[in-house]
Structure formats: structure tokens, C-alpha cells
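Here's model_29.cif, which has mmCIF, N, CA and C atoms and all ligand atoms:
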```cif
data_protein
#
loop_
_atom_site.label_atom_id
_atom_site.label_comp_id
_atom_site.auth_asym_id
_atom_site.auth_seq_id
_atom_site.Cartn_x
_atom_site.Cartn_y
_atom_site.Cartn_z
N MET W 1 -29.08 -113.48 -65.73
CA MET W 1 -29.44 -112.29 -66.51
C MET W 1 -29.16 -112.49 -68.01
N LYS W 2 -27.94 -112.99 -68.29
CA LYS W 2 -27.58 -113.23 -69.69
C LYS W 2 -28.59 -114.16 -70.38
N LYS W 3 -28.99 -115.16 -69.58
CA LYS W 3 -29.92 -116.15 -70.11
C LYS W 3 -31.25 -115.50 -70.51
N ILE W 4 -31.69 -114.55 -69.65
CA ILE W 4 -32.97 -113.87 -69.91
C ILE W 4 -32.86 -113.03 -71.19
N ILE W 5 -31.75 -112.30 -71.29
CA ILE W 5 -31.56 -111.47 -72.49
C ILE W 5 -31.51 -112.35 -73.73
N LEU W 6 -30.78 -113.44 -73.62
CA LEU W 6 -30.65 -114.35 -74.76
C LEU W 6 -32.01 -114.91 -75.17
N SER W 7 -32.81 -115.33 -74.18
CA SER W 7 -34.10 -115.91 -74.58
C SER W 7 -35.03 -114.84 -75.12
N ALA W 8 -34.88 -113.60 -74.64
CA ALA W 8 -35.69 -112.51 -75.20
C ALA W 8 -35.29 -112.28 -76.66
N LEU W 9 -34.01 -112.34 -76.93
CA LEU W 9 -33.53 -112.16 -78.31
C LEU W 9 -34.05 -113.27 -79.21
N VAL W 10 -33.96 -114.49 -78.73
CA VAL W 10 -34.44 -115.63 -79.52
C VAL W 10 -35.93 -115.48 -79.79
N ALA W 11 -36.67 -115.08 -78.76
CA ALA W 11 -38.12 -114.93 -78.92
C ALA W 11 -38.44 -113.85 -79.95
N SER W 12 -37.72 -112.72 -79.90
CA SER W 12 -38.05 -111.66 -80.87
C SER W 12 -37.61 -112.05 -82.28
N ALA W 13 -36.51 -112.79 -82.38
CA ALA W 13 -36.08 -113.26 -83.71
C ALA W 13 -37.15 -114.18 -84.29
N THR W 14 -37.72 -115.02 -83.45
CA THR W 14 -38.77 -115.93 -83.91
C THR W 14 -39.99 -115.14 -84.36
N LEU W 15 -40.32 -114.10 -83.60
CA LEU W 15 -41.46 -113.26 -83.96
C LEU W 15 -41.24 -112.60 -85.32
N ILE W 16 -40.03 -112.05 -85.51
CA ILE W 16 -39.71 -111.39 -86.78
C ILE W 16 -39.83 -112.40 -87.93
N ALA W 17 -39.30 -113.61 -87.69
CA ALA W 17 -39.34 -114.64 -88.73
C ALA W 17 -40.79 -114.99 -89.07
N ALA W 18 -41.62 -115.14 -88.05
CA ALA W 18 -43.02 -115.50 -88.28
C ALA W 18 -43.74 -114.38 -89.03
N ASP W 19 -43.43 -113.15 -88.66
CA ASP W 19 -44.05 -111.99 -89.27
C ASP W 19 -43.66 -111.87 -90.74
N SER W 20 -42.40 -112.13 -91.06
CA SER W 20 -41.93 -111.93 -92.42
C SER W 20 -42.49 -112.96 -93.39
N ALA W 21 -43.10 -114.01 -92.88
CA ALA W 21 -43.67 -115.02 -93.77
C ALA W 21 -44.74 -114.41 -94.66
N ALA W 22 -45.41 -113.35 -94.17
CA ALA W 22 -46.47 -112.74 -94.94
C ALA W 22 -45.95 -111.71 -95.94
N VAL W 23 -44.67 -111.40 -95.84
CA VAL W 23 -44.09 -110.36 -96.69
C VAL W 23 -43.56 -110.99 -97.97
N TYR W 24 -43.53 -110.21 -99.06
CA TYR W 24 -43.06 -110.71 -100.35
C TYR W 24 -41.77 -111.50 -100.20
N LYS W 25 -41.78 -112.73 -100.71
CA LYS W 25 -40.68 -113.65 -100.42
C LYS W 25 -39.31 -113.17 -100.89
N SER W 26 -39.22 -112.48 -102.03
CA SER W 26 -37.88 -112.11 -102.48
C SER W 26 -37.48 -110.73 -102.00
N GLY W 27 -38.42 -109.94 -101.49
CA GLY W 27 -38.07 -108.56 -101.16
C GLY W 27 -38.41 -108.22 -99.73
N MET W 28 -38.14 -109.15 -98.83
CA MET W 28 -38.54 -108.98 -97.43
C MET W 28 -38.25 -107.59 -96.90
N LEU W 29 -39.29 -106.92 -96.41
CA LEU W 29 -39.21 -105.65 -95.74
C LEU W 29 -38.70 -104.50 -96.60
N LEU W 30 -38.52 -104.74 -97.88
CA LEU W 30 -38.12 -103.65 -98.77
C LEU W 30 -39.40 -102.98 -99.28
N PRO W 31 -39.30 -101.73 -99.74
CA PRO W 31 -40.51 -101.11 -100.30
C PRO W 31 -41.00 -101.94 -101.49
N ALA W 32 -42.31 -102.02 -101.64
CA ALA W 32 -42.88 -102.81 -102.73
C ALA W 32 -42.37 -102.30 -104.07
N ASN W 33 -41.86 -103.22 -104.91
CA ASN W 33 -41.27 -102.84 -106.19
C ASN W 33 -42.04 -103.56 -107.30
N GLY W 34 -42.96 -102.82 -107.93
CA GLY W 34 -43.84 -103.41 -108.94
C GLY W 34 -43.09 -104.06 -110.08
N GLU W 35 -42.03 -103.42 -110.53
CA GLU W 35 -41.28 -103.96 -111.66
C GLU W 35 -40.63 -105.30 -111.29
N ALA W 36 -39.99 -105.34 -110.13
CA ALA W 36 -39.34 -106.59 -109.69
C ALA W 36 -40.37 -107.70 -109.54
N ILE W 37 -41.53 -107.36 -108.99
CA ILE W 37 -42.57 -108.37 -108.79
C ILE W 37 -43.07 -108.86 -110.16
N TYR W 38 -43.32 -107.93 -111.09
CA TYR W 38 -43.81 -108.34 -112.41
C TYR W 38 -42.83 -109.30 -113.07
N LYS W 39 -41.53 -108.94 -113.02
CA LYS W 39 -40.52 -109.76 -113.70
C LYS W 39 -40.37 -111.12 -113.04
N LYS W 40 -40.57 -111.17 -111.75
CA LYS W 40 -40.38 -112.45 -111.06
C LYS W 40 -41.66 -113.30 -111.09
N GLU W 41 -42.82 -112.67 -110.98
CA GLU W 41 -44.05 -113.44 -110.75
C GLU W 41 -45.02 -113.52 -111.92
N CYS W 42 -44.91 -112.63 -112.89
CA CYS W 42 -45.97 -112.56 -113.91
C CYS W 42 -45.49 -112.82 -115.33
N ILE W 43 -44.23 -112.46 -115.58
CA ILE W 43 -43.73 -112.41 -116.96
C ILE W 43 -43.81 -113.76 -117.67
N GLN W 44 -43.62 -114.84 -116.92
CA GLN W 44 -43.58 -116.16 -117.58
C GLN W 44 -44.92 -116.57 -118.18
N CYS W 45 -46.01 -116.01 -117.69
CA CYS W 45 -47.32 -116.37 -118.24
C CYS W 45 -47.96 -115.21 -119.01
N HIS W 46 -47.53 -113.98 -118.77
CA HIS W 46 -48.16 -112.84 -119.42
C HIS W 46 -47.22 -112.06 -120.33
N ALA W 47 -45.93 -112.44 -120.38
CA ALA W 47 -44.90 -111.82 -121.22
C ALA W 47 -44.57 -110.39 -120.80
N ALA W 48 -43.42 -109.91 -121.28
CA ALA W 48 -42.94 -108.57 -120.90
C ALA W 48 -43.91 -107.49 -121.34
N ASN W 49 -44.62 -107.71 -122.46
CA ASN W 49 -45.56 -106.69 -122.96
C ASN W 49 -47.00 -106.93 -122.50
N GLY W 50 -47.23 -107.96 -121.70
CA GLY W 50 -48.56 -108.23 -121.18
C GLY W 50 -49.53 -108.82 -122.20
N LYS W 51 -49.00 -109.15 -123.38
CA LYS W 51 -49.91 -109.57 -124.47
C LYS W 51 -49.98 -111.08 -124.66
N GLN W 52 -49.26 -111.82 -123.84
CA GLN W 52 -49.35 -113.28 -123.95
C GLN W 52 -50.72 -113.72 -123.43
N THR W 53 -51.43 -114.49 -124.24
CA THR W 53 -52.81 -114.82 -123.87
C THR W 53 -53.05 -116.32 -123.69
N SER W 54 -51.94 -117.09 -123.63
CA SER W 54 -52.15 -118.50 -123.29
C SER W 54 -51.02 -118.95 -122.39
N TYR W 55 -51.38 -119.83 -121.50
CA TYR W 55 -50.43 -120.33 -120.50
C TYR W 55 -49.37 -121.16 -121.19
N THR W 56 -48.11 -120.79 -120.96
CA THR W 56 -46.96 -121.47 -121.56
C THR W 56 -47.12 -122.99 -121.42
N GLY W 57 -47.02 -123.67 -122.53
CA GLY W 57 -47.10 -125.13 -122.47
C GLY W 57 -48.51 -125.66 -122.61
N SER W 58 -49.49 -124.78 -122.63
CA SER W 58 -50.86 -125.25 -122.81
C SER W 58 -51.65 -124.26 -123.64
N SER W 59 -51.94 -124.63 -124.88
CA SER W 59 -52.70 -123.72 -125.73
C SER W 59 -54.18 -123.72 -125.33
N ARG W 60 -54.58 -124.65 -124.47
CA ARG W 60 -55.99 -124.72 -124.04
C ARG W 60 -56.34 -123.59 -123.08
N ILE W 61 -55.34 -123.16 -122.27
CA ILE W 61 -55.63 -122.17 -121.24
C ILE W 61 -55.45 -120.76 -121.82
N LYS W 62 -56.57 -120.08 -122.02
CA LYS W 62 -56.57 -118.76 -122.67
C LYS W 62 -57.05 -117.68 -121.70
N TYR W 63 -56.50 -116.50 -121.85
CA TYR W 63 -56.95 -115.34 -121.06
C TYR W 63 -56.67 -114.08 -121.85
N ALA W 64 -57.15 -112.96 -121.35
CA ALA W 64 -57.03 -111.69 -122.08
C ALA W 64 -55.66 -111.05 -121.85
N PRO W 65 -55.23 -110.17 -122.77
CA PRO W 65 -53.99 -109.41 -122.52
C PRO W 65 -54.16 -108.55 -121.27
N ILE W 66 -53.06 -108.25 -120.58
CA ILE W 66 -53.18 -107.45 -119.36
C ILE W 66 -52.52 -106.07 -119.50
N ASN W 67 -52.09 -105.74 -120.73
CA ASN W 67 -51.47 -104.43 -120.93
C ASN W 67 -52.54 -103.34 -120.97
N GLY W 68 -52.15 -102.15 -120.57
CA GLY W 68 -53.02 -100.99 -120.69
C GLY W 68 -54.24 -100.99 -119.77
N LEU W 69 -54.22 -101.78 -118.71
CA LEU W 69 -55.37 -101.81 -117.81
C LEU W 69 -55.30 -100.67 -116.78
N ASP W 70 -56.44 -100.26 -116.31
CA ASP W 70 -56.53 -99.24 -115.28
C ASP W 70 -55.98 -99.80 -113.95
N ALA W 71 -55.11 -99.02 -113.29
CA ALA W 71 -54.42 -99.50 -112.09
C ALA W 71 -55.38 -99.92 -110.98
N ALA W 72 -56.38 -99.10 -110.72
CA ALA W 72 -57.30 -99.39 -109.61
C ALA W 72 -58.12 -100.66 -109.88
N LYS W 73 -58.61 -100.78 -111.13
CA LYS W 73 -59.41 -101.97 -111.48
C LYS W 73 -58.54 -103.22 -111.45
N LEU W 74 -57.31 -103.07 -111.94
CA LEU W 74 -56.40 -104.21 -111.95
C LEU W 74 -56.06 -104.64 -110.52
N ALA W 75 -55.78 -103.67 -109.66
CA ALA W 75 -55.45 -104.00 -108.26
C ALA W 75 -56.62 -104.75 -107.62
N LYS W 76 -57.83 -104.30 -107.89
CA LYS W 76 -59.01 -104.95 -107.32
C LYS W 76 -59.11 -106.39 -107.83
N GLU W 77 -58.92 -106.55 -109.14
CA GLU W 77 -59.03 -107.89 -109.72
C GLU W 77 -57.96 -108.83 -109.15
N LEU W 78 -56.74 -108.31 -109.00
CA LEU W 78 -55.66 -109.14 -108.47
C LEU W 78 -55.93 -109.55 -107.02
N LYS W 79 -56.48 -108.61 -106.25
CA LYS W 79 -56.82 -108.94 -104.86
C LYS W 79 -57.92 -110.01 -104.83
N ASP W 80 -58.86 -109.90 -105.76
CA ASP W 80 -59.93 -110.91 -105.84
C ASP W 80 -59.36 -112.28 -106.25
N TYR W 81 -58.41 -112.27 -107.17
CA TYR W 81 -57.76 -113.54 -107.54
C TYR W 81 -57.02 -114.10 -106.32
N ARG W 82 -56.36 -113.19 -105.58
CA ARG W 82 -55.60 -113.63 -104.40
C ARG W 82 -56.54 -114.27 -103.38
N TYR W 83 -57.70 -113.66 -103.23
CA TYR W 83 -58.69 -114.16 -102.27
C TYR W 83 -59.33 -115.46 -102.77
N GLY W 84 -59.35 -115.63 -104.09
CA GLY W 84 -59.94 -116.83 -104.66
C GLY W 84 -61.36 -116.64 -105.15
N SER W 85 -61.80 -115.37 -105.27
CA SER W 85 -63.18 -115.14 -105.68
C SER W 85 -63.33 -114.85 -107.17
N VAL W 86 -62.23 -114.93 -107.94
CA VAL W 86 -62.33 -114.78 -109.39
C VAL W 86 -61.80 -116.05 -110.04
N ASN W 87 -62.54 -116.50 -111.04
CA ASN W 87 -62.14 -117.70 -111.76
C ASN W 87 -62.80 -117.63 -113.13
N LYS W 88 -62.24 -116.74 -113.98
CA LYS W 88 -62.92 -116.42 -115.23
C LYS W 88 -63.01 -117.58 -116.21
N TYR W 89 -61.92 -118.34 -116.31
CA TYR W 89 -61.88 -119.39 -117.34
C TYR W 89 -61.61 -120.76 -116.73
N GLY W 90 -61.70 -120.85 -115.41
CA GLY W 90 -61.46 -122.12 -114.73
C GLY W 90 -60.03 -122.32 -114.25
N TYR W 91 -59.20 -121.26 -114.40
CA TYR W 91 -57.81 -121.39 -113.97
C TYR W 91 -57.40 -120.31 -112.96
N GLY W 92 -58.38 -119.84 -112.23
CA GLY W 92 -58.12 -118.83 -111.21
C GLY W 92 -57.12 -119.31 -110.15
N GLN W 93 -57.06 -120.62 -109.96
CA GLN W 93 -56.15 -121.18 -108.95
C GLN W 93 -54.69 -120.90 -109.30
N LEU W 94 -54.38 -120.87 -110.61
CA LEU W 94 -53.01 -120.55 -111.03
C LEU W 94 -52.65 -119.14 -110.61
N MET W 95 -53.61 -118.24 -110.76
CA MET W 95 -53.39 -116.85 -110.36
C MET W 95 -53.33 -116.74 -108.84
N LYS W 96 -54.21 -117.44 -108.18
CA LYS W 96 -54.24 -117.36 -106.71
C LYS W 96 -52.91 -117.83 -106.11
N SER W 97 -52.39 -118.93 -106.63
CA SER W 97 -51.15 -119.46 -106.04
C SER W 97 -49.98 -118.51 -106.30
N THR W 98 -50.06 -117.72 -107.37
CA THR W 98 -49.00 -116.73 -107.62
C THR W 98 -49.16 -115.53 -106.69
N LEU W 99 -50.39 -115.09 -106.48
CA LEU W 99 -50.64 -113.85 -105.74
C LEU W 99 -50.66 -114.02 -104.23
N ILE W 100 -50.81 -115.24 -103.77
CA ILE W 100 -51.01 -115.47 -102.35
C ILE W 100 -49.84 -114.97 -101.50
N ASP W 101 -48.66 -114.93 -102.07
CA ASP W 101 -47.48 -114.47 -101.32
C ASP W 101 -47.30 -112.95 -101.34
N LEU W 102 -48.15 -112.25 -102.08
CA LEU W 102 -48.00 -110.80 -102.17
C LEU W 102 -48.93 -110.09 -101.18
N SER W 103 -48.43 -109.03 -100.57
CA SER W 103 -49.27 -108.22 -99.69
C SER W 103 -50.12 -107.29 -100.57
N TYR W 104 -51.15 -106.67 -99.97
CA TYR W 104 -51.97 -105.72 -100.73
C TYR W 104 -51.12 -104.54 -101.21
N GLU W 105 -50.17 -104.12 -100.38
CA GLU W 105 -49.29 -103.02 -100.77
C GLU W 105 -48.50 -103.39 -102.02
N GLU W 106 -48.02 -104.62 -102.07
CA GLU W 106 -47.26 -105.08 -103.23
C GLU W 106 -48.17 -105.20 -104.45
N ILE W 107 -49.40 -105.64 -104.25
CA ILE W 107 -50.33 -105.75 -105.37
C ILE W 107 -50.64 -104.36 -105.92
N ASP W 108 -50.80 -103.36 -105.04
CA ASP W 108 -51.04 -101.99 -105.50
C ASP W 108 -49.85 -101.48 -106.33
N ALA W 109 -48.64 -101.74 -105.84
CA ALA W 109 -47.43 -101.29 -106.56
C ALA W 109 -47.32 -102.01 -107.90
N LEU W 110 -47.66 -103.28 -107.91
CA LEU W 110 -47.62 -104.08 -109.13
C LEU W 110 -48.63 -103.56 -110.15
N ALA W 111 -49.85 -103.31 -109.71
CA ALA W 111 -50.91 -102.82 -110.62
C ALA W 111 -50.51 -101.46 -111.19
N GLU W 112 -49.94 -100.62 -110.36
CA GLU W 112 -49.48 -99.30 -110.80
C GLU W 112 -48.38 -99.46 -111.86
N TYR W 113 -47.47 -100.38 -111.61
CA TYR W 113 -46.37 -100.62 -112.57
C TYR W 113 -46.92 -101.10 -113.91
N ILE W 114 -47.82 -102.07 -113.87
CA ILE W 114 -48.38 -102.62 -115.11
C ILE W 114 -49.13 -101.53 -115.87
N SER W 115 -49.96 -100.81 -115.15
CA SER W 115 -50.78 -99.78 -115.78
C SER W 115 -49.94 -98.70 -116.46
N THR W 116 -48.84 -98.31 -115.83
CA THR W 116 -48.02 -97.24 -116.41
C THR W 116 -46.96 -97.73 -117.39
N ASN W 117 -46.46 -98.94 -117.20
CA ASN W 117 -45.32 -99.38 -118.01
C ASN W 117 -45.59 -100.48 -119.02
N ILE W 118 -46.64 -101.24 -118.84
CA ILE W 118 -46.92 -102.35 -119.77
C ILE W 118 -48.03 -101.86 -120.70
N LYS W 119 -47.62 -101.36 -121.84
CA LYS W 119 -48.60 -100.73 -122.75
C LYS W 119 -49.03 -101.68 -123.85
C1 LIG W 201 -48.63 -119.76 -113.97
C2 LIG W 201 -49.08 -118.79 -114.95
C3 LIG W 201 -49.50 -117.43 -114.47
C4 LIG W 201 -48.80 -116.54 -113.72
C5 LIG W 201 -47.40 -116.73 -113.11
C6 LIG W 201 -49.61 -115.35 -113.62
N1 LIG W 201 -50.77 -115.51 -114.31
FE1 LIG W 201 -52.23 -114.14 -114.55
N2 LIG W 201 -53.40 -115.53 -115.44
C7 LIG W 201 -53.05 -116.85 -115.66
C8 LIG W 201 -54.21 -117.60 -116.04
C9 LIG W 201 -54.24 -119.10 -116.39
C10 LIG W 201 -55.30 -116.69 -116.03
C11 LIG W 201 -56.77 -117.01 -116.27
C12 LIG W 201 -57.39 -117.28 -114.87
C13 LIG W 201 -58.90 -117.53 -114.86
O1 LIG W 201 -59.33 -118.62 -115.25
O2 LIG W 201 -59.64 -116.62 -114.42
C14 LIG W 201 -54.73 -115.41 -115.67
C15 LIG W 201 -55.47 -114.23 -115.62
C16 LIG W 201 -54.94 -112.99 -115.32
C17 LIG W 201 -55.65 -111.74 -115.41
C18 LIG W 201 -57.08 -111.56 -115.95
C19 LIG W 201 -57.00 -111.65 -117.47
C20 LIG W 201 -58.36 -111.68 -118.13
O3 LIG W 201 -58.58 -112.54 -119.00
O4 LIG W 201 -59.19 -110.84 -117.78
C21 LIG W 201 -54.81 -110.75 -115.00
C22 LIG W 201 -55.10 -109.28 -114.92
C23 LIG W 201 -53.56 -111.39 -114.62
N3 LIG W 201 -53.67 -112.74 -114.86
C24 LIG W 201 -52.46 -110.75 -114.13
C25 LIG W 201 -51.34 -111.41 -113.61
C26 LIG W 201 -50.31 -110.76 -112.84
C27 LIG W 201 -50.23 -109.28 -112.53
C28 LIG W 201 -49.42 -111.74 -112.48
C29 LIG W 201 -48.20 -111.60 -111.59
C30 LIG W 201 -48.48 -111.39 -110.21
C31 LIG W 201 -49.90 -112.99 -113.04
N4 LIG W 201 -51.07 -112.75 -113.69
C32 LIG W 201 -49.24 -114.21 -112.93
C33 LIG W 201 -51.78 -117.36 -115.56
C34 LIG W 201 -50.76 -116.78 -114.82
#
```
Please render this file's structure as C-alpha cells.
Ligand code: HEC
Amino acid sequence: MKKIILSALVASATLIAADSAAVYKSGMLLPANGEAIYKKECIQCHAANGKQTSYTGSSRIKYAPINGLDAAKLAKELKDYRYGSVNKYGYGQLMKSTLIDLSYEEIDALAEYISTNIK
């Protein structure tokens, strides 16, 4: 009997582990936190004010400021980058690799945060 309970526990722990792989890596199972995600995943290339328009270390890679964008449009664009269907200047892959670990819920929270707080 003990053995059965133990293997059931191991099996469910494995399931939980497999499931959490799709959840935001630093905030597993916590409510989506747009500010934390922005500071961890976006700030190094877009700056705290969203006005950085070139990829750190490469003046060749240019993009538009991301401050003051509409939340719904931004969320859609980020989901498209995550999916891989946007590639405005040839560097969509950089965005995709950043967004691939975020759930849609986290992307919505992130877009809301940027739209309201990054002016
Ligand atoms: C490694 C650097 C890097 C990181 C990290 C990064 N970005 Fe980007 N971002 C880029 C590059 C490069 C582009 C241009 C992509 C292309 O060619 O379409 C871009 C484009 C964008 C655009 C479209 C800008 C335009 O010109 O219309 C938005 C919006 C954006 N990023 C938001 C974010 C958000 C939000 C995050 C955090 C989840 C993030 N980015 C993380 C480098 C980065």
C-alpha cells in the first residue's frame, strides 16, 4: 500500500513539474506580475522608460520606442512575436526567444503594465 501511495505521489510531482515548464520561469504559479516581468525580461533592451531604440551592443539593430502604447495592441503584437509571425526589422527572433517563456496571461499583464506605467 505504501508503495502505491508513494508512486502516486511521485507521478503527480512529475506531472506538476511538467506542467510548470509552461509557466513564467521566475514566478511559477504566482499571479502574473507585469512590472516584475518587464524588469526581468524587457528592460535590458528597451530601458526603464521604453525609449531605448537600439539593441545594447549593436547600433545596427534599431526599433521603435515602446512607451505609451495601447495595451490591447501591444498584447497582440507581443503574442505575434511569441508565435514568430512578426519580424519587422529582421530581429523578431530576439523578441520571440524572450517571449516564448511567457503565458498569454503574463503577456496581457505585461502589456497592461507597459501601457499604464511606461510613459
Ligand atoms: C534581447 C533584446 C530584447 C529584449 C530582451 C526584448 N526586446 Fe523587444 N525588441 C528587440 C528587437 C531587436 C526588436 C525588433 C524586432 C524586429 O525585427 O521586429 C524588438 C521589438 C519590440 C517591439 C516592437 C517595436 C517596434 O519597432 O514596433 C515591442 C513592442 C517590444 N520589442 C517589446 C518588448 C517587451 C515587452 C519585452 C519584454 C518581454 C521585450 N521587447 C524584450 C529586442 C529585445
Practice task
Compare W:Gly90, W:Ala47, W:Ile66, W:Glu106 by their minimum atom-to-atom distance to Asn33 of chain W, counting all atoms listed in the file, and give me the closest one.
Solution key: W:Glu106
Determine, using only C-alpha atoms and all ligand atoms, which residues of chain W have any atom at most 9 Å from an atom of ligand LIG 201 (chain W), and tabulate each with its shortest atom pair and distance in Å to one decimal place, rows ordered by chain and then rising number, as JSON lines.
```
{"residue": "W:Ile37", "atom": "CA", "partner": "W:LIG201", "partner_atom": "C30", "distance": 6.8}
{"residue": "W:Tyr38", "atom": "CA", "partner": "W:LIG201", "partner_atom": "C29", "distance": 5.5}
{"residue": "W:Lys39", "atom": "CA", "partner": "W:LIG201", "partner_atom": "C29", "distance": 8.2}
{"residue": "W:Lys40", "atom": "CA", "partner": "W:LIG201", "partner_atom": "C29", "distance": 7.9}
{"residue": "W:Glu41", "atom": "CA", "partner": "W:LIG201", "partner_atom": "C29", "distance": 4.6}
{"residue": "W:Cys42", "atom": "CA", "partner": "W:LIG201", "partner_atom": "C29", "distance": 3.4}
{"residue": "W:Ile43", "atom": "CA", "partner": "W:LIG201", "partner_atom": "C5", "distance": 6.9}
{"residue": "W:Gln44", "atom": "CA", "partner": "W:LIG201", "partner_atom": "C5", "distance": 5.9}
{"residue": "W:Cys45", "atom": "CA", "partner": "W:LIG201", "partner_atom": "C2", "distance": 4.4}
{"residue": "W:His46", "atom": "CA", "partner": "W:LIG201", "partner_atom": "N1", "distance": 6.3}
{"residue": "W:Gly50", "atom": "CA", "partner": "W:LIG201", "partner_atom": "C24", "distance": 8.4}
{"residue": "W:Thr53", "atom": "CA", "partner": "W:LIG201", "partner_atom": "O3", "distance": 7.9}
{"residue": "W:Ser54", "atom": "CA", "partner": "W:LIG201", "partner_atom": "C9", "distance": 7.2}
{"residue": "W:Tyr55", "atom": "CA", "partner": "W:LIG201", "partner_atom": "C9", "distance": 5.7}
{"residue": "W:Thr56", "atom": "CA", "partner": "W:LIG201", "partner_atom": "C2", "distance": 7.4}
{"residue": "W:Ile61", "atom": "CA", "partner": "W:LIG201", "partner_atom": "C9", "distance": 5.9}
{"residue": "W:Lys62", "atom": "CA", "partner": "W:LIG201", "partner_atom": "C11", "distance": 6.6}
{"residue": "W:Tyr63", "atom": "CA", "partner": "W:LIG201", "partner_atom": "O3", "distance": 3.8}
{"residue": "W:Ala64", "atom": "CA", "partner": "W:LIG201", "partner_atom": "O3", "distance": 3.6}
{"residue": "W:Pro65", "atom": "CA", "partner": "W:LIG201", "partner_atom": "C19", "distance": 6.3}
{"residue": "W:Ile66", "atom": "CA", "partner": "W:LIG201", "partner_atom": "C22", "distance": 5.2}
{"residue": "W:Asn67", "atom": "CA", "partner": "W:LIG201", "partner_atom": "C22", "distance": 8.5}
{"residue": "W:Leu69", "atom": "CA", "partner": "W:LIG201", "partner_atom": "C22", "distance": 8.0}
{"residue": "W:Leu74", "atom": "CA", "partner": "W:LIG201", "partner_atom": "C22", "distance": 6.0}
{"residue": "W:Ala75", "atom": "CA", "partner": "W:LIG201", "partner_atom": "C22", "distance": 8.5}
{"residue": "W:Glu77", "atom": "CA", "partner": "W:LIG201", "partner_atom": "C22", "distance": 6.7}
{"residue": "W:Leu78", "atom": "CA", "partner": "W:LIG201", "partner_atom": "C22", "distance": 6.5}
{"residue": "W:Tyr81", "atom": "CA", "partner": "W:LIG201", "partner_atom": "O2", "distance": 7.8}
{"residue": "W:Val86", "atom": "CA", "partner": "W:LIG201", "partner_atom": "O2", "distance": 6.0}
{"residue": "W:Asn87", "atom": "CA", "partner": "W:LIG201", "partner_atom": "O2", "distance": 3.8}
{"residue": "W:Lys88", "atom": "CA", "partner": "W:LIG201", "partner_atom": "O2", "distance": 3.4}
{"residue": "W:Tyr89", "atom": "CA", "partner": "W:LIG201", "partner_atom": "O1", "distance": 3.4}
{"residue": "W:Gly90", "atom": "CA", "partner": "W:LIG201", "partner_atom": "O1", "distance": 4.1}
{"residue": "W:Tyr91", "atom": "CA", "partner": "W:LIG201", "partner_atom": "O1", "distance": 3.4}
{"residue": "W:Gly92", "atom": "CA", "partner": "W:LIG201", "partner_atom": "C13", "distance": 4.0}
{"residue": "W:Gln93", "atom": "CA", "partner": "W:LIG201", "partner_atom": "C12", "distance": 7.2}
{"residue": "W:Leu94", "atom": "CA", "partner": "W:LIG201", "partner_atom": "C1", "distance": 5.3}
{"residue": "W:Met95", "atom": "CA", "partner": "W:LIG201", "partner_atom": "N1", "distance": 4.9}
{"residue": "W:Lys96", "atom": "CA", "partner": "W:LIG201", "partner_atom": "N1", "distance": 8.6}
{"residue": "W:Ser97", "atom": "CA", "partner": "W:LIG201", "partner_atom": "C1", "distance": 8.3}
{"residue": "W:Thr98", "atom": "CA", "partner": "W:LIG201", "partner_atom": "C5", "distance": 5.7}
{"residue": "W:Leu99", "atom": "CA", "partner": "W:LIG201", "partner_atom": "C30", "distance": 5.5}
{"residue": "W:Leu102", "atom": "CA", "partner": "W:LIG201", "partner_atom": "C30", "distance": 8.1}
{"residue": "W:Ile107", "atom": "CA", "partner": "W:LIG201", "partner_atom": "C30", "distance": 7.7}
{"residue": "W:Leu110", "atom": "CA", "partner": "W:LIG201", "partner_atom": "C27", "distance": 6.7}
{"residue": "W:Ala111", "atom": "CA", "partner": "W:LIG201", "partner_atom": "C27", "distance": 6.8}
{"residue": "W:Ile114", "atom": "CA", "partner": "W:LIG201", "partner_atom": "C27", "distance": 7.4}
```
Practice task
Measure the distance from atom CA of Ser85 of chain W to atom C of Lys73 of chain W in Å and round it to one decimal.
Solution key: 14.0 Å
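Pairwise distance (atom CA of Asp70 of chain W, atom CA of Ala48 of chain W) equals 17.4 Å.
Take the candidates W:Gly68, W:Lys76, W:Asp101, W:Arg82 and check each one against Thr116 of chain W using only N, CA and C atoms; the shortest distance goes to W:Gly68.
Taking atom CA of Gly57 of chain W and atom CA of Ala36 of chain W as endpoints, the distance between them is 23.8 Å.
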Take every atom of segment 50-53 of chain W listed in the file, pad by 8 Å on each side, and give me the axis-aligned box centre and edge lengths in Å, one decimal, as lines of an AutoDock Vina configuration file.
```
center_x = -50.1
center_y = -112.1
center_z = -122.9
size_x = 21.8
size_y = 24.4
size_z = 19.5
```
